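File shown here: work-v2.pdb, holding PDB, C-alpha atoms and all ligand atoms.
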MODEL        1
ATOM      1  CA  MET A   1     -24.071  58.685 -53.708
ATOM      2  CA  ALA A   2     -21.947  59.236 -56.801
ATOM      3  CA  THR A   3     -20.318  62.623 -57.058
ATOM      4  CA  ASP A   4     -18.562  64.612 -59.736
ATOM      5  CA  LYS A   5     -17.357  67.085 -57.130
ATOM      6  CA  PHE A   6     -14.107  67.159 -55.221
ATOM      7  CA  VAL A   7     -13.270  68.712 -51.865
ATOM      8  CA  PRO A   8      -9.916  69.045 -50.118
ATOM      9  CA  LEU A   9      -8.757  66.004 -48.156
ATOM     10  CA  GLY A  10      -9.401  67.512 -44.757
ATOM     11  CA  SER A  11      -9.383  64.418 -42.590
ATOM     12  CA  TYR A  12      -5.839  63.150 -43.237
ATOM     13  CA  HIS A  13      -3.559  63.320 -40.226
ATOM     14  CA  GLU A  14       0.216  62.919 -40.510
ATOM     15  CA  TYR A  15       2.145  61.605 -37.515
ATOM     16  CA  ALA A  16       5.823  62.224 -36.821
ATOM     17  CA  PRO A  17       7.916  59.159 -37.794
ATOM     18  CA  GLU A  18       8.408  57.933 -34.205
ATOM     19  CA  GLU A  19       4.735  58.387 -33.478
ATOM     20  CA  MET A  20       3.925  56.499 -36.680
ATOM     21  CA  GLU A  21       6.176  53.628 -35.560
ATOM     22  CA  ARG A  22       4.595  53.581 -32.143
ATOM     23  CA  ARG A  23       1.055  53.573 -33.497
ATOM     24  CA  ALA A  24       1.759  50.850 -36.057
ATOM     25  CA  ALA A  25       3.378  48.651 -33.411
ATOM     26  CA  SER A  26       0.693  49.244 -30.832
ATOM     27  CA  PHE A  27      -2.146  48.563 -33.281
ATOM     28  CA  TYR A  28      -0.486  45.271 -34.158
ATOM     29  CA  ALA A  29       0.093  44.398 -30.502
ATOM     30  CA  ASP A  30      -3.534  45.061 -29.732
ATOM     31  CA  LEU A  31      -4.910  43.079 -32.671
ATOM     32  CA  GLN A  32      -2.597  40.212 -31.835
ATOM     33  CA  ARG A  33      -4.564  39.708 -28.613
ATOM     34  CA  ARG A  34      -7.748  39.038 -30.565
ATOM     35  CA  ARG A  35      -9.054  35.495 -30.491
ATOM     36  CA  SER A  36     -12.176  34.016 -31.957
ATOM     37  CA  VAL A  37     -14.275  33.068 -28.960
ATOM     38  CA  ARG A  38     -16.999  30.415 -28.886
ATOM     39  CA  HIS A  39     -18.155  30.728 -25.286
ATOM     40  CA  PHE A  40     -20.043  33.894 -24.497
ATOM     41  CA  SER A  41     -21.519  35.423 -21.386
ATOM     42  CA  ASP A  42     -25.123  36.607 -21.592
ATOM     43  CA  ARG A  43     -24.083  39.945 -20.078
ATOM     44  CA  PRO A  44     -25.782  42.692 -22.072
ATOM     45  CA  VAL A  45     -23.792  44.873 -24.420
ATOM     46  CA  SER A  46     -24.574  48.511 -25.107
ATOM     47  CA  ARG A  47     -26.470  49.106 -28.333
ATOM     48  CA  ASP A  48     -24.455  52.306 -28.802
ATOM     49  CA  VAL A  49     -21.214  50.329 -28.802
ATOM     50  CA  VAL A  50     -22.585  48.015 -31.487
ATOM     51  CA  ARG A  51     -23.860  51.010 -33.429
ATOM     52  CA  HIS A  52     -20.397  52.597 -33.431
ATOM     53  CA  CYS A  53     -18.784  49.336 -34.540
ATOM     54  CA  LEU A  54     -21.288  49.029 -37.392
ATOM     55  CA  ALA A  55     -20.696  52.636 -38.442
ATOM     56  CA  ALA A  56     -16.944  51.954 -38.411
ATOM     57  CA  ALA A  57     -17.507  48.899 -40.641
ATOM     58  CA  ALA A  58     -19.590  50.941 -43.053
ATOM     59  CA  SER A  59     -16.730  53.443 -43.420
ATOM     60  CA  ALA A  60     -14.934  50.760 -45.461
ATOM     61  CA  PRO A  61     -13.874  51.413 -49.027
ATOM     62  CA  SER A  62     -15.966  49.568 -51.606
ATOM     63  CA  GLY A  63     -16.056  48.952 -55.328
ATOM     64  CA  ALA A  64     -17.305  52.146 -57.000
ATOM     65  CA  ASN A  65     -18.382  53.241 -53.493
ATOM     66  CA  MET A  66     -21.490  51.079 -53.842
ATOM     67  CA  GLN A  67     -21.314  50.074 -50.152
ATOM     68  CA  PRO A  68     -22.788  46.671 -50.968
ATOM     69  CA  TRP A  69     -23.493  45.599 -47.392
ATOM     70  CA  TYR A  70     -26.261  45.476 -44.850
ATOM     71  CA  PHE A  71     -25.928  44.562 -41.183
ATOM     72  CA  VAL A  72     -28.668  43.221 -38.941
ATOM     73  CA  ALA A  73     -27.776  43.285 -35.241
ATOM     74  CA  VAL A  74     -29.983  40.604 -33.707
ATOM     75  CA  GLY A  75     -30.504  41.035 -29.979
ATOM     76  CA  ASP A  76     -34.045  39.638 -29.779
ATOM     77  CA  PRO A  77     -33.880  36.313 -27.872
ATOM     78  CA  GLU A  78     -36.693  34.779 -29.939
ATOM     79  CA  VAL A  79     -34.965  35.572 -33.238
ATOM     80  CA  LYS A  80     -31.645  34.304 -31.863
ATOM     81  CA  ARG A  81     -33.384  31.065 -30.862
ATOM     82  CA  GLU A  82     -34.768  30.674 -34.395
ATOM     83  CA  ILE A  83     -31.353  31.331 -35.921
ATOM     84  CA  ARG A  84     -29.726  28.796 -33.618
ATOM     85  CA  ALA A  85     -32.308  26.132 -34.436
ATOM     86  CA  ALA A  86     -31.960  26.637 -38.193
ATOM     87  CA  ALA A  87     -28.160  26.808 -37.993
ATOM     88  CA  GLU A  88     -27.926  23.596 -35.973
ATOM     89  CA  THR A  89     -30.168  21.791 -38.457
ATOM     90  CA  GLU A  90     -27.782  22.765 -41.270
ATOM     91  CA  GLU A  91     -24.671  22.027 -39.231
ATOM     92  CA  ARG A  92     -25.903  18.534 -38.307
ATOM     93  CA  GLU A  93     -26.158  17.807 -42.005
ATOM     94  CA  PHE A  94     -22.720  19.387 -42.559
ATOM     95  CA  TYR A  95     -20.903  17.400 -39.868
ATOM     96  CA  LEU A  96     -22.704  14.124 -40.648
ATOM     97  CA  ARG A  97     -22.706  14.236 -44.433
ATOM     98  CA  ARG A  98     -21.511  17.250 -46.382
ATOM     99  CA  ALA A  99     -18.158  18.093 -44.800
ATOM    100  CA  GLY A 100     -16.040  15.143 -45.896
ATOM    101  CA  GLN A 101     -12.918  13.844 -44.135
ATOM    102  CA  GLU A 102     -10.499  16.520 -45.344
ATOM    103  CA  TRP A 103     -12.657  19.399 -44.117
ATOM    104  CA  LEU A 104     -13.386  17.682 -40.791
ATOM    105  CA  HIS A 105      -9.667  17.099 -40.338
ATOM    106  CA  ALA A 106      -8.938  20.800 -41.001
ATOM    107  CA  LEU A 107     -11.496  21.743 -38.332
ATOM    108  CA  SER A 108     -10.417  19.176 -35.748
ATOM    109  CA  ALA A 109      -8.123  21.550 -33.805
ATOM    110  CA  LEU A 110     -10.974  24.026 -33.317
ATOM    111  CA  GLY A 111     -13.219  21.568 -31.499
ATOM    112  CA  THR A 112     -16.336  22.685 -33.375
ATOM    113  CA  ASP A 113     -19.409  20.527 -33.822
ATOM    114  CA  CYS A 114     -23.036  20.993 -34.784
ATOM    115  CA  HIS A 115     -24.006  22.569 -31.460
ATOM    116  CA  LYS A 116     -24.114  26.369 -31.554
ATOM    117  CA  PRO A 117     -25.245  27.536 -28.089
ATOM    118  CA  PHE A 118     -23.363  30.815 -28.572
ATOM    119  CA  LEU A 119     -26.033  31.833 -31.086
ATOM    120  CA  GLU A 120     -28.424  32.208 -28.151
ATOM    121  CA  GLN A 121     -26.031  33.128 -25.360
ATOM    122  CA  ALA A 122     -24.228  36.045 -26.979
ATOM    123  CA  PRO A 123     -26.108  39.342 -26.698
ATOM    124  CA  TYR A 124     -25.740  40.219 -30.384
ATOM    125  CA  LEU A 125     -25.525  38.311 -33.624
ATOM    126  CA  ILE A 126     -24.452  40.756 -36.301
ATOM    127  CA  VAL A 127     -25.621  39.204 -39.550
ATOM    128  CA  VAL A 128     -23.691  40.621 -42.493
ATOM    129  CA  PHE A 129     -25.361  40.605 -45.897
ATOM    130  CA  ALA A 130     -23.751  41.258 -49.280
ATOM    131  CA  GLN A 131     -25.701  42.957 -52.035
ATOM    132  CA  PRO A 132     -24.654  41.911 -55.563
ATOM    133  CA  TYR A 133     -26.932  44.685 -56.797
ATOM    134  CA  SER A 134     -29.302  47.292 -55.464
ATOM    135  CA  VAL A 135     -32.735  48.210 -56.722
ATOM    136  CA  ALA A 136     -33.333  51.880 -57.580
ATOM    137  CA  PRO A 137     -36.675  53.437 -56.594
ATOM    138  CA  ASP A 138     -37.848  52.972 -60.219
ATOM    139  CA  GLY A 139     -37.145  49.243 -59.934
ATOM    140  CA  VAL A 140     -34.011  49.275 -62.100
ATOM    141  CA  LYS A 141     -31.209  47.000 -60.885
ATOM    142  CA  VAL A 142     -27.891  48.727 -60.202
ATOM    143  CA  LYS A 143     -24.920  46.384 -60.400
ATOM    144  CA  HIS A 144     -22.377  46.368 -57.565
ATOM    145  CA  TYR A 145     -18.685  45.640 -58.114
ATOM    146  CA  PHE A 146     -16.118  43.625 -56.153
ATOM    147  CA  VAL A 147     -18.853  42.739 -53.718
ATOM    148  CA  ARG A 148     -17.089  40.035 -51.701
ATOM    149  CA  GLU A 149     -13.901  42.083 -51.517
ATOM    150  CA  SER A 150     -15.865  45.103 -50.282
ATOM    151  CA  VAL A 151     -17.937  43.209 -47.731
ATOM    152  CA  GLY A 152     -14.812  41.350 -46.605
ATOM    153  CA  ILE A 153     -13.045  44.631 -45.918
ATOM    154  CA  ALA A 154     -16.073  46.020 -44.047
ATOM    155  CA  THR A 155     -16.315  42.837 -41.999
ATOM    156  CA  GLY A 156     -12.601  43.021 -41.179
ATOM    157  CA  ILE A 157     -13.074  46.536 -39.893
ATOM    158  CA  LEU A 158     -16.084  45.338 -37.886
ATOM    159  CA  VAL A 159     -13.999  42.568 -36.300
ATOM    160  CA  ALA A 160     -11.281  45.095 -35.403
ATOM    161  CA  ALA A 161     -13.829  47.615 -34.094
ATOM    162  CA  VAL A 162     -15.490  45.039 -31.835
ATOM    163  CA  HIS A 163     -12.099  43.957 -30.503
ATOM    164  CA  ASN A 164     -11.077  47.574 -30.006
ATOM    165  CA  ALA A 165     -14.242  48.155 -27.971
ATOM    166  CA  GLY A 166     -13.188  45.355 -25.618
ATOM    167  CA  LEU A 167     -15.693  42.738 -26.729
ATOM    168  CA  ALA A 168     -15.130  39.236 -28.014
ATOM    169  CA  ALA A 169     -16.397  37.953 -31.334
ATOM    170  CA  LEU A 170     -16.723  34.866 -33.473
ATOM    171  CA  PRO A 171     -16.980  35.099 -37.240
ATOM    172  CA  TYR A 172     -19.489  32.296 -37.749
ATOM    173  CA  THR A 173     -19.991  31.066 -41.298
ATOM    174  CA  PRO A 174     -23.051  28.848 -41.243
ATOM    175  CA  SER A 175     -23.175  25.915 -43.530
ATOM    176  CA  ARG A 176     -25.852  26.837 -46.143
ATOM    177  CA  PRO A 177     -26.798  30.202 -44.679
ATOM    178  CA  GLN A 178     -29.951  30.854 -46.730
ATOM    179  CA  PHE A 179     -32.128  30.503 -43.636
ATOM    180  CA  LEU A 180     -30.832  33.915 -42.520
ATOM    181  CA  LEU A 181     -32.595  35.623 -45.431
ATOM    182  CA  ARG A 182     -35.851  33.956 -44.507
ATOM    183  CA  ILE A 183     -35.674  34.500 -40.745
ATOM    184  CA  LEU A 184     -34.597  38.122 -41.047
ATOM    185  CA  GLY A 185     -36.923  38.880 -43.972
ATOM    186  CA  ARG A 186     -34.189  40.377 -46.116
ATOM    187  CA  PRO A 187     -34.838  41.454 -49.698
ATOM    188  CA  GLU A 188     -33.933  39.294 -52.664
ATOM    189  CA  ASN A 189     -30.857  41.369 -53.601
ATOM    190  CA  GLU A 190     -29.057  40.257 -50.427
ATOM    191  CA  ARG A 191     -26.899  37.204 -49.747
ATOM    192  CA  PRO A 192     -25.824  36.145 -46.253
ATOM    193  CA  PHE A 193     -22.076  36.759 -45.861
ATOM    194  CA  LEU A 194     -21.359  35.770 -42.282
ATOM    195  CA  VAL A 195     -22.561  36.124 -38.718
ATOM    196  CA  LEU A 196     -20.371  37.993 -36.265
ATOM    197  CA  VAL A 197     -21.263  36.748 -32.799
ATOM    198  CA  VAL A 198     -20.512  39.537 -30.319
ATOM    199  CA  GLY A 199     -20.418  39.760 -26.555
ATOM    200  CA  TYR A 200     -18.333  39.353 -23.443
ATOM    201  CA  PRO A 201     -16.453  36.075 -23.263
ATOM    202  CA  ALA A 202     -17.910  33.595 -20.782
ATOM    203  CA  GLU A 203     -16.015  33.450 -17.522
ATOM    204  CA  GLY A 204     -13.232  30.911 -17.933
ATOM    205  CA  ALA A 205     -13.727  30.813 -21.716
ATOM    206  CA  MET A 206     -11.248  28.487 -23.407
ATOM    207  CA  VAL A 207      -9.795  28.886 -26.888
ATOM    208  CA  PRO A 208      -7.960  26.324 -28.992
ATOM    209  CA  VAL A 209      -4.183  26.353 -29.243
ATOM    210  CA  ILE A 210      -3.440  27.657 -32.713
ATOM    211  CA  GLU A 211      -0.435  29.205 -34.384
ATOM    212  CA  LYS A 212      -0.263  32.157 -36.692
ATOM    213  CA  LYS A 213       2.159  31.971 -39.601
ATOM    214  CA  SER A 214       5.513  33.688 -39.144
ATOM    215  CA  PHE A 215       6.015  37.069 -40.764
ATOM    216  CA  ASP A 216       8.194  35.555 -43.491
ATOM    217  CA  GLU A 217       5.433  33.164 -44.416
ATOM    218  CA  ILE A 218       2.820  35.870 -44.823
ATOM    219  CA  ALA A 219       4.700  38.702 -46.492
ATOM    220  CA  SER A 220       7.792  39.774 -48.334
ATOM    221  CA  PHE A 221       9.322  43.009 -49.544
ATOM    222  CA  ILE A 222      10.775  43.190 -53.004
TER     223      ILE A 222
HETATM  224  N1  LIG A 301     -19.820  26.057 -40.245
HETATM  225  C1  LIG A 301     -19.319  24.961 -39.428
HETATM  226  C2  LIG A 301     -17.988  24.478 -39.869
HETATM  227  C3  LIG A 301     -16.836  25.378 -39.763
HETATM  228  C4  LIG A 301     -16.172  25.740 -40.905
HETATM  229  C5  LIG A 301     -15.055  26.509 -40.836
HETATM  230  I1  LIG A 301     -14.048  26.887 -42.561
HETATM  231  C6  LIG A 301     -14.547  26.972 -39.597
HETATM  232  O1  LIG A 301     -13.410  27.759 -39.530
HETATM  233  C7  LIG A 301     -15.196  26.602 -38.450
HETATM  234  C8  LIG A 301     -16.353  25.809 -38.526
HETATM  235  C9  LIG A 301     -19.294  25.378 -37.952
HETATM  236  O2  LIG A 301     -19.353  26.561 -37.657
HETATM  237  O3  LIG A 301     -19.212  24.512 -37.093
ENDMDL
END
Just give me the structure as structure tokens.
Ligand code: IYR
Amino acid sequence: MATDKFVPLGSYHEYAPEEMERRAASFYADLQRRRSVRHFSDRPVSRDVVRHCLAAAASAPSGANMQPWYFVAVGDPEVKREIRAAAETEEREFYLRRAGQEWLHALSALGTDCHKPFLEQAPYLIVVFAQPYSVAPDGVKVKHYFVRESVGIATGILVAAVHNAGLAALPYTPSRPQFLLRILGRPENERPFLVLVVGYPAEGAMVPVIEKKSFDEIASFI
């Protein structure tokens, strides 16, 4: 993977200033339509579409180009059922005991609870794993750098890719996600990062009223 060789940057594409403006504005306008969706149709989704979205995610930059991620696209109904059951067990504990008033208050506008039917209804659960290290064929551990930053960037690209394809998604962060390692039989160098639930929105799907911060609240030029 590492290289001491350089090649010309062949893939860069410059746009004329007006075209650049147009593209920047239209990318924003398109991403602004994205909503996290919690009600999915069981309509099937093409595996090739998911494959392209995953490949787009894996194009992300990463610390020392270690690419410290692994994605499992779960479409098998039996495995989805197992994931839902384990997730709901953890979430019951979360909502009843672990969350605390402040966290529950922060979540109140979203209308979430311990029931996660979307984990069975959506055609794909993309389970994202982070790898703090890899294991070379000789068994030596190779440290990875800026793992959460790298996997966060890859996941952001995945979210954008799924939206761009015309599908809905929910970044689901299970309370105590260790069960994902067990159910999916992942190696011991992986940590569950999040689950991206992917599919068509259910007909008549509702989303909570939320507000995004104004531009001045999120950025400044100096
Ligand atoms: N994992 C729980 C709680 C939850 C936490 C956050 I932070 C959210 O943005 C939404 C939900 C659940 O999924 O219900």
Please, which residues have at least one atom within 10 Å of an atom of ligand LIG 301 (chain A), using only C-alpha atoms and all ligand atoms, listed as a PyMOL selection string?
chain A and resi 36+38+87-88+90-92+94-95+99+103-104+106-116+170-177
Residue members of the PyMOL selection byres (((chain A and resi 61) around 8) and not hetatm) in the file shown, as a PDB file with C-alpha atoms, in the coordinates of the input:
ATOM      1  CA  SER A  59     -16.730  53.443 -43.420  1.00  0.00           C
ATOM      2  CA  ALA A  60     -14.934  50.760 -45.461  1.00  0.00           C
ATOM      3  CA  SER A  62     -15.966  49.568 -51.606  1.00  0.00           C
ATOM      4  CA  GLY A  63     -16.056  48.952 -55.328  1.00  0.00           C
ATOM      5  CA  ASN A  65     -18.382  53.241 -53.493  1.00  0.00           C
ATOM      6  CA  GLN A  67     -21.314  50.074 -50.152  1.00  0.00           C
ATOM      7  CA  SER A 150     -15.865  45.103 -50.282  1.00  0.00           C
ATOM      8  CA  ILE A 153     -13.045  44.631 -45.918  1.00  0.00           C
ATOM      9  CA  ALA A 154     -16.073  46.020 -44.047  1.00  0.00           C
TER      10      ALA A 154
END
Run through the PyMOL selection byres (((chain A and resi 178-186) around 12) and not hetatm) on the given coordinates and return the selected residues as an MDAnalysis selection string.
chainID A and resid 69:74 76 78:90 125:131 173:177 187:195
Skip Lys143 in chain A itself and residues of its chain fewer than 6 positions away, then list as a CSV table (one decimal) with C-alpha atoms, in the coordinates of the input all residues within 7 Å of it, counting all atoms listed in the file.
chain,number,residue,atom,x,y,z
A,132,PRO,CA,-24.7,41.9,-55.6
A,133,TYR,CA,-26.9,44.7,-56.8
A,134,SER,CA,-29.3,47.3,-55.5
In Å, with one decimal, what is the gap from CA of His52 in chain A to CA of Leu196 in chain A?
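Spanning CA of His52 in chain A to CA of Leu196 in chain A is a straight-line distance of 14.9 Å.
One finds CA of Ala165 in chain A at 15.8 Å from CA of Phe40 in chain A.
As for CA of Arg22 in chain A and CA of Asn164 in chain A, they are spaced 16.9 Å apart.
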Fewer than 2 positions away in the same chain doesn't count, so skip those; otherwise give me all residues within 8 Å of Ala57 in chain A, counting all atoms listed in the file, as a list in words.
Cys53, Leu54, Ala55, Ser59, Ala60, Ala154, Thr155, Gly156, Ile157, Leu158 and Ala161 of chain A
Pick from A:Tyr15, A:Gly152, A:Met66, A:His163 nearest to Val135 in chain A, counting all atoms listed in the file:
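The shortest atom-to-atom distance to Val135 in chain A comes from A:Met66.
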List the residues selected by the PyMOL selection byres (((chain A and resi 42) around 7) and not hetatm) in the file shown, writing them as a PyMOL selection string.
chain A and resi 40-41+43-44+121-123
Let me have the centre and edge lengths in Å, one decimal, of the box along x, y and z around every listed atom of range 164-183 of chain A with 5 Å of margin on each side, as lines of an AutoDock Vina configuration file.
center_x = -23.5
center_y = 37.0
center_z = -36.2
size_x = 34.8
size_y = 32.2
size_z = 31.1
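Considering the residues A:Gly199, A:Pro68, A:Gly166, A:Pro137 and counting all atoms listed in the file, Glu120 in chain A has its shortest atom-to-atom contact with A:Gly199.
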